[in-house]
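Asker: Sharing a structure here in structure tokens format.
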Amino acid sequence: MRATGGEWSVPHSFECGLLDEDWSAAWLALPASAEASRGHLPAHTFSQAFTVDADVVRARLYATALGVYDATVNGARVGSTELAPGTSSYDITLYAQAYDVTDLIVAGANRLELTVSAGWYQGLVGAFRIPAEWGDTPGVRAEVHLDLRDGSRRVIRTDHSWTVCRSRIVAADLMEGQKVDLTAESEPMPVTLPAVQAPPVSWSPAPPVRATATLRAASAWQVSDSTWVIDFGQNASGWIAMSDLGTRGTRTTIEYGEFAYDGGDLQTRHLDSHRPGEPTKQFVQRDEVISDGSGTTFEPRHTIHGFQFARVTRDGAPFDPASVSMRVVHTDLERTGSFSCSDAALNRLHEIADWSFRGNAVDVPTDCPTRERLAWTGDYQVFAPTATRLYDVLGFSRKWLRSVRDDQLPDGRVANFSPDGRRIKLKLNDQFAMMTGSAGWGDAIVLVPWEMYKSYGDETVLTENWDAMVQWVDWAASNARSARHIARQRTQPEAAPHEQYLWDGSFHWGEWTEPVPRNADGSRANPLQDNPMEWFMADKGEVGTAYLYLSSSTLASIAVVLGKGEEARRYEELAAKVLDAWRTEYLMGDGRTAGDSQAGYARALSFGLIPHDQTDDAAARLVELVHEADDHLTTGFLATGHLLPTLSDAGHADVAYSLLYQRTEPSWLNMVGRGATTIWEDWDGVDLEGEPHESLNHYSKGAVVRFLHTHTLGLRQPADSVGWERFTVRPHPHANLTWAKGHHDTPRGRITVAWRVEGDQLEISVDAPASTSGTIVGPLGESIAVDAGGTVVRVPLAAATA
């Protein structure tokens, strides 16, 4: 192209992956393994030799699998993608990868090999280690396209001429680990061409999973003659790389975990799990390797672990901890935001929240990289607004949302987690199906796309999810009309007119994990296990109705964006009726709510449920409850991320900072003070006695660091702005802080903000691209427009600090 009267540009080109109808390769099946159970199935290697007689101009490998695969050409690894083709809801969606292998093809004889394991397709799933039920025939499909110098094209594809043999990976499971025998030999045999029920091939909008960093041991110590414990100094997802495997026949066992006693052994009991009434399921993350003495480096790339510590056991041979490093593995997200300030503890909090998200961003947003490793909808719904301030998560989120749509139940309910290897949508009488469709969890199908649209300005994410959003909100509204909570039925057999808009008659997880004191023996009350029926039947309608209002009103806004006028009016009317019902049932007057909890007020104020003339009273009551708890939070899973912004926006930044700076549990800085390197599931993940509890890498509580971006630094997008077309800088400083700085890479360019205290003045500097417009709001409410070339202002600090 050229501009009128201008010069021609340098030529550019692009290519895309094969469309589904362009594939000509056959599926090859993994041989059945009668002697191994699921979770311990061997990996197999598929091979094809081919000869190239002409110069290769370009070579592309296209590959996919029902399972996990890696590829080599002439013994050299292809690409840097890990855990390909990635997880999906395999009954509907299957992803493929394309690789440039031009430099790996040689003149003459070549060999392509694909090693395949069960992966997400047939491996163990969740805390209870239940085998995934996507199918019984893991397999692989691939083809190499060669563009030759003479202008011809040749395709090498998987077909009946390939061979297969058992690989040296004698067992592999993404959760439990990988066993490798480098001395093993296996004879190749003909392949089988199964009747595979595979969905059409798709191309993921997400970045691939890669090894993004390598960490050396921070310390190591021996706990017995043959066993070492290694501390890598950081909890993360990934695996061990070991360069010295000893002489031929030497066996090395590596066990992974998040906690080890100081100078003592690895401890994983806090990650054991069981269903109510069933025996404990022991937590296992274990790799084994038998050396062939060749000096090969061991990396178990058909599994992945969550860990900071590794226990290495090697009998009868020396071991050097310096031969071991940690490969940090997660989706290779592009960083878009930063934050730092004069307070080292807040910087560390931001750092561990960032690490926690990365450890859980492994192709999908998981709840923890250890015990469950499930992509719970509620977790990402809670954290997505924070994720957008740290990384470019648009493609990552779109990929996951496709699985949420794929797993949606026929009646419109959204599965608790997706991809759902248990396939609850096909088991509507299962007990877990009865626990599906919860407020705050299923609402992710509405709230996450809206957050992505607001952050990136891309309507595609709304269009893709529109039908699923409508089905979800319509189901929730229908359930509100047709079901009443049993307690309400008992006390008032005749329903009041407003009750048809109260969403209280179906299952809700509710606020979930509100802090409770520990018992004398150190155990924590667990309502789900201690009194499962009582907890299951509790009335959580205040939470449910609040989310029905939020999702229906958000859906109305989405309809406006998509030009769906009739639907916009319908959902506006629904939202108005739900809001009136919530106020009728749960608002007591003077801003008080029926539940009268920190979580309830934070949610009600954040969602706009409180009438304007009562918001000051509601905020004042929230402050009272904070003080009654000795300036500690009592919010749970859903409301914690809203707590500090809600307090600050209501004029109580001092109380918000009091909670943020709290050092005893429950608090964020308690985690920092006790040495956390990621966000804990429990506020006292490591208690005062030094004992661990629950997962030590559960990122949802890390949503607090959004407050550091939006309030401490002060950079935020107005509610009516999309894609950062406009922004506001309004810092909420604290007396402990003398400066803060950060940036955000928006779709329109980078916005950089810094402020510092100079005597009784607050100096604020802002640099932003010309394609966006910004306003600085000073402590006294004064507004200053941001110039395209950058702006520095000094305003009185009076009333600026909490």
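Going through the structure tokens in order, the chains are called A, B, and so on, while each chain numbers its residues from 1 and the ligands are numbered from 1 in the order shown.
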I want to know what sits within 10 Å of A:Gly641, based on only C-alpha atoms, with residues of the same chain fewer than 6 positions away left out; could you give that as a ChimeraX atom specification?
Answerer: /A:382-383,385-386,599,602-603,635,700-707
Asker: Would you kindly return, as a list in words, each protein, DNA or RNA residue with an atom no farther than 10 Å from any atom of stretch 160-164 of chain A, considering only C-alpha atoms and excluding same-chain residues fewer than 5 positions away?
Answerer: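 Here the answer would be Ala26, Trp27, Leu28, Ala29, Leu30, Pro31, His44, Thr45, Phe46, Ser47, Gln48, Ala49, Leu112, Glu113, Leu114, Thr115, Ser186, Glu187, Pro188, Met189, Pro190, Val191, Thr192 and Leu193 of chain A.
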Asker: Return the single residue from A:Ala556, A:Ala768, A:Ala353, A:Ala63 that is closest to A:Thr746, with distances computed using only C-alpha atoms.
Answerer: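 Among the listed residues, A:Ala768 lies closest to A:Thr746.
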Asker: If you run DSSP over the backbone, which residues in stretch 97-293 of chain A end up helix (DSSP H, G or I)? Put them as a list in words.
Answerer: Thr102, Asp103, Leu104, Gly119, Trp120, Tyr121, Gln122, Arg269, His270 and Leu271 of chain A
Asker: For a test of reading the model, state the distance in Å between atom CA of A:Leu61 and atom CA of A:Ala76, rounded to one decimal.
Answerer: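 Between these atoms lies a distance of 13.4 Å.
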Asker: Fewer than 6 positions away in the same chain doesn't count, so skip those; otherwise give me all residues within 12 Å of A:Ile92, counting only C-alpha atoms, as a list in words.
Answerer: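 Within the cut-off, the hits are Trp134, Gln197, Ala198, Pro199, Pro200, Val201, Ser202, Arg402, Ser403, Val404, Arg405, Asp406, Asp407, Gln408, Pro419, Asp420 and Arg423 of chain A.
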Asker: For all heavy atoms, I'd like the residues from the last selection saved as a CSV table (one decimal), in the first residue's frame.
Answerer:
chain,number,residue,atom,x,y,z
A,134,TRP,N,-13.5,-37.3,29.1
A,134,TRP,CA,-13.7,-36.8,27.8
A,134,TRP,C,-13.7,-37.9,26.8
A,134,TRP,O,-14.3,-37.7,25.7
A,134,TRP,CB,-12.5,-35.8,27.4
A,134,TRP,CG,-12.5,-34.6,28.3
A,134,TRP,CD1,-11.6,-34.2,29.2
A,134,TRP,CD2,-13.5,-33.6,28.3
A,134,TRP,NE1,-11.9,-33.0,29.8
A,134,TRP,CE2,-13.1,-32.6,29.3
A,134,TRP,CE3,-14.7,-33.4,27.7
A,134,TRP,CZ2,-13.9,-31.5,29.6
A,134,TRP,CZ3,-15.5,-32.2,27.9
A,134,TRP,CH2,-15.1,-31.3,28.9
A,197,GLN,N,-13.9,-39.5,17.9
A,197,GLN,CA,-15.0,-38.4,17.9
A,197,GLN,C,-14.3,-37.1,18.4
A,197,GLN,O,-14.5,-36.7,19.5
A,197,GLN,CB,-16.1,-38.9,18.8
A,197,GLN,CG,-16.8,-40.1,18.4
A,197,GLN,CD,-17.5,-40.0,17.1
A,197,GLN,OE1,-18.2,-39.0,16.8
A,197,GLN,NE2,-17.3,-41.0,16.2
A,198,ALA,N,-13.6,-36.5,17.5
A,198,ALA,CA,-12.9,-35.3,17.8
A,198,ALA,C,-13.7,-34.1,17.2
A,198,ALA,O,-14.2,-34.2,16.1
A,198,ALA,CB,-11.5,-35.3,17.3
A,199,PRO,N,-13.7,-33.0,17.9
A,199,PRO,CA,-14.4,-31.8,17.4
A,199,PRO,C,-13.5,-31.1,16.3
A,199,PRO,O,-12.4,-31.5,16.1
A,199,PRO,CB,-14.5,-30.9,18.6
A,199,PRO,CG,-13.4,-31.3,19.5
A,199,PRO,CD,-13.2,-32.7,19.3
A,200,PRO,N,-14.1,-30.2,15.6
A,200,PRO,CA,-13.3,-29.4,14.6
A,200,PRO,C,-12.1,-28.7,15.3
A,200,PRO,O,-12.2,-28.3,16.5
A,200,PRO,CB,-14.3,-28.4,14.1
A,200,PRO,CG,-15.6,-29.0,14.3
A,200,PRO,CD,-15.5,-29.7,15.6
A,201,VAL,N,-11.0,-28.6,14.5
A,201,VAL,CA,-9.8,-27.9,15.1
A,201,VAL,C,-10.1,-26.4,15.1
A,201,VAL,O,-10.6,-25.8,14.2
A,201,VAL,CB,-8.6,-28.3,14.2
A,201,VAL,CG1,-7.4,-27.4,14.5
A,201,VAL,CG2,-8.2,-29.7,14.3
A,202,SER,N,-9.7,-25.8,16.3
A,202,SER,CA,-9.7,-24.4,16.5
A,202,SER,C,-8.3,-23.9,16.8
A,202,SER,O,-7.4,-24.6,17.1
A,202,SER,CB,-10.7,-24.1,17.6
A,202,SER,OG,-12.0,-24.5,17.4
A,402,ARG,N,-14.6,-19.7,26.3
A,402,ARG,CA,-15.2,-20.7,25.3
A,402,ARG,C,-15.5,-22.0,26.1
A,402,ARG,O,-16.5,-22.6,25.8
A,402,ARG,CB,-14.2,-20.9,24.2
A,402,ARG,CG,-14.7,-21.9,23.2
A,402,ARG,CD,-14.0,-21.8,21.8
A,402,ARG,NE,-14.6,-22.8,20.9
A,402,ARG,CZ,-14.2,-22.8,19.6
A,402,ARG,NH1,-13.3,-22.0,19.1
A,402,ARG,NH2,-14.8,-23.7,18.8
A,403,SER,N,-14.6,-22.4,27.0
A,403,SER,CA,-14.9,-23.6,27.7
A,403,SER,C,-16.1,-23.4,28.6
A,403,SER,O,-16.9,-24.3,28.8
A,403,SER,CB,-13.7,-24.0,28.6
A,403,SER,OG,-12.7,-24.7,27.8
A,404,VAL,N,-16.3,-22.2,29.2
A,404,VAL,CA,-17.4,-22.0,30.1
A,404,VAL,C,-18.7,-22.1,29.2
A,404,VAL,O,-19.7,-22.7,29.7
A,404,VAL,CB,-17.3,-20.5,30.7
A,404,VAL,CG1,-18.6,-20.2,31.5
A,404,VAL,CG2,-16.1,-20.4,31.6
A,405,ARG,N,-18.7,-21.6,28.0
A,405,ARG,CA,-19.8,-21.8,27.1
A,405,ARG,C,-20.0,-23.3,26.8
A,405,ARG,O,-21.2,-23.8,26.7
A,405,ARG,CB,-19.7,-21.0,25.8
A,405,ARG,CG,-19.5,-19.5,26.1
A,405,ARG,CD,-19.7,-18.7,24.8
A,405,ARG,NE,-18.8,-19.1,23.7
A,405,ARG,CZ,-17.6,-18.6,23.5
A,405,ARG,NH1,-17.1,-17.7,24.3
A,405,ARG,NH2,-16.9,-18.9,22.4
A,406,ASP,N,-18.9,-23.9,26.4
A,406,ASP,CA,-19.0,-25.3,26.0
A,406,ASP,C,-19.6,-26.2,27.1
A,406,ASP,O,-20.3,-27.2,26.9
A,406,ASP,CB,-17.6,-25.9,25.7
A,406,ASP,CG,-17.1,-25.3,24.4
A,406,ASP,OD1,-17.8,-24.7,23.7
A,406,ASP,OD2,-15.9,-25.6,24.1
A,407,ASP,N,-19.4,-25.9,28.4
A,407,ASP,CA,-19.8,-26.7,29.5
A,407,ASP,C,-21.1,-26.2,30.1
A,407,ASP,O,-21.6,-26.8,31.1
A,407,ASP,CB,-18.8,-26.7,30.6
A,407,ASP,CG,-17.5,-27.4,30.3
A,407,ASP,OD1,-17.5,-28.2,29.4
A,407,ASP,OD2,-16.4,-27.0,30.8
A,408,GLN,N,-21.7,-25.2,29.6
A,408,GLN,CA,-23.0,-24.7,30.1
A,408,GLN,C,-24.1,-25.8,30.0
A,408,GLN,O,-24.2,-26.5,29.0
A,408,GLN,CB,-23.4,-23.5,29.3
A,408,GLN,CG,-24.6,-22.7,30.0
A,408,GLN,CD,-24.8,-21.3,29.3
A,408,GLN,OE1,-24.4,-21.1,28.2
A,408,GLN,NE2,-25.4,-20.4,30.1
A,419,PRO,N,-12.5,-26.0,31.9
A,419,PRO,CA,-13.2,-27.2,31.3
A,419,PRO,C,-13.6,-28.1,32.5
A,419,PRO,O,-12.9,-28.3,33.4
A,419,PRO,CB,-12.1,-27.8,30.4
A,419,PRO,CG,-11.2,-26.7,30.1
A,419,PRO,CD,-11.2,-25.8,31.4
A,420,ASP,N,-14.7,-28.8,32.3
A,420,ASP,CA,-15.3,-29.7,33.3
A,420,ASP,C,-15.1,-31.1,32.8
A,420,ASP,O,-15.9,-31.7,32.1
A,420,ASP,CB,-16.8,-29.3,33.5
A,420,ASP,CG,-17.4,-30.3,34.5
A,420,ASP,OD1,-16.7,-31.0,35.2
A,420,ASP,OD2,-18.7,-30.3,34.5
A,423,ARG,N,-17.9,-33.5,33.3
A,423,ARG,CA,-19.0,-33.4,32.4
A,423,ARG,C,-20.3,-33.4,33.1
A,423,ARG,O,-21.2,-34.2,32.8
A,423,ARG,CB,-18.9,-34.5,31.3
A,423,ARG,CG,-17.5,-34.5,30.6
A,423,ARG,CD,-17.5,-35.4,29.4
A,423,ARG,NE,-18.3,-34.8,28.4
A,423,ARG,CZ,-18.5,-35.5,27.2
A,423,ARG,NH1,-18.0,-36.7,27.0
A,423,ARG,NH2,-19.3,-34.9,26.3
Asker: Considering only C-alpha atoms, return as a ChimeraX atom specification whatever protein or nucleic-acid residues lie within 6 Å of stretch 371-380 of chain A, sequence-local ones (same chain, fewer than 2 positions apart) excluded.
Answerer: /A:126-127,271,365-369,382-384,416-418,440-441,444,700
Asker: Give the answer as one residue: which of A:Asp173, A:Asp70, A:Asp443, A:Glu15 has the shortest atom-to-atom distance to A:Pro42, using only C-alpha atoms?
Answerer: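 Comparing A:Asp173, A:Asp70, A:Asp443, A:Glu15 against A:Pro42, the winner is A:Asp173.
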Asker: I'd like the interatomic distance between atom CA of A:Ala575 and atom CA of A:Ala559, to a tenth of an Å.
Answerer: 13.2 Å
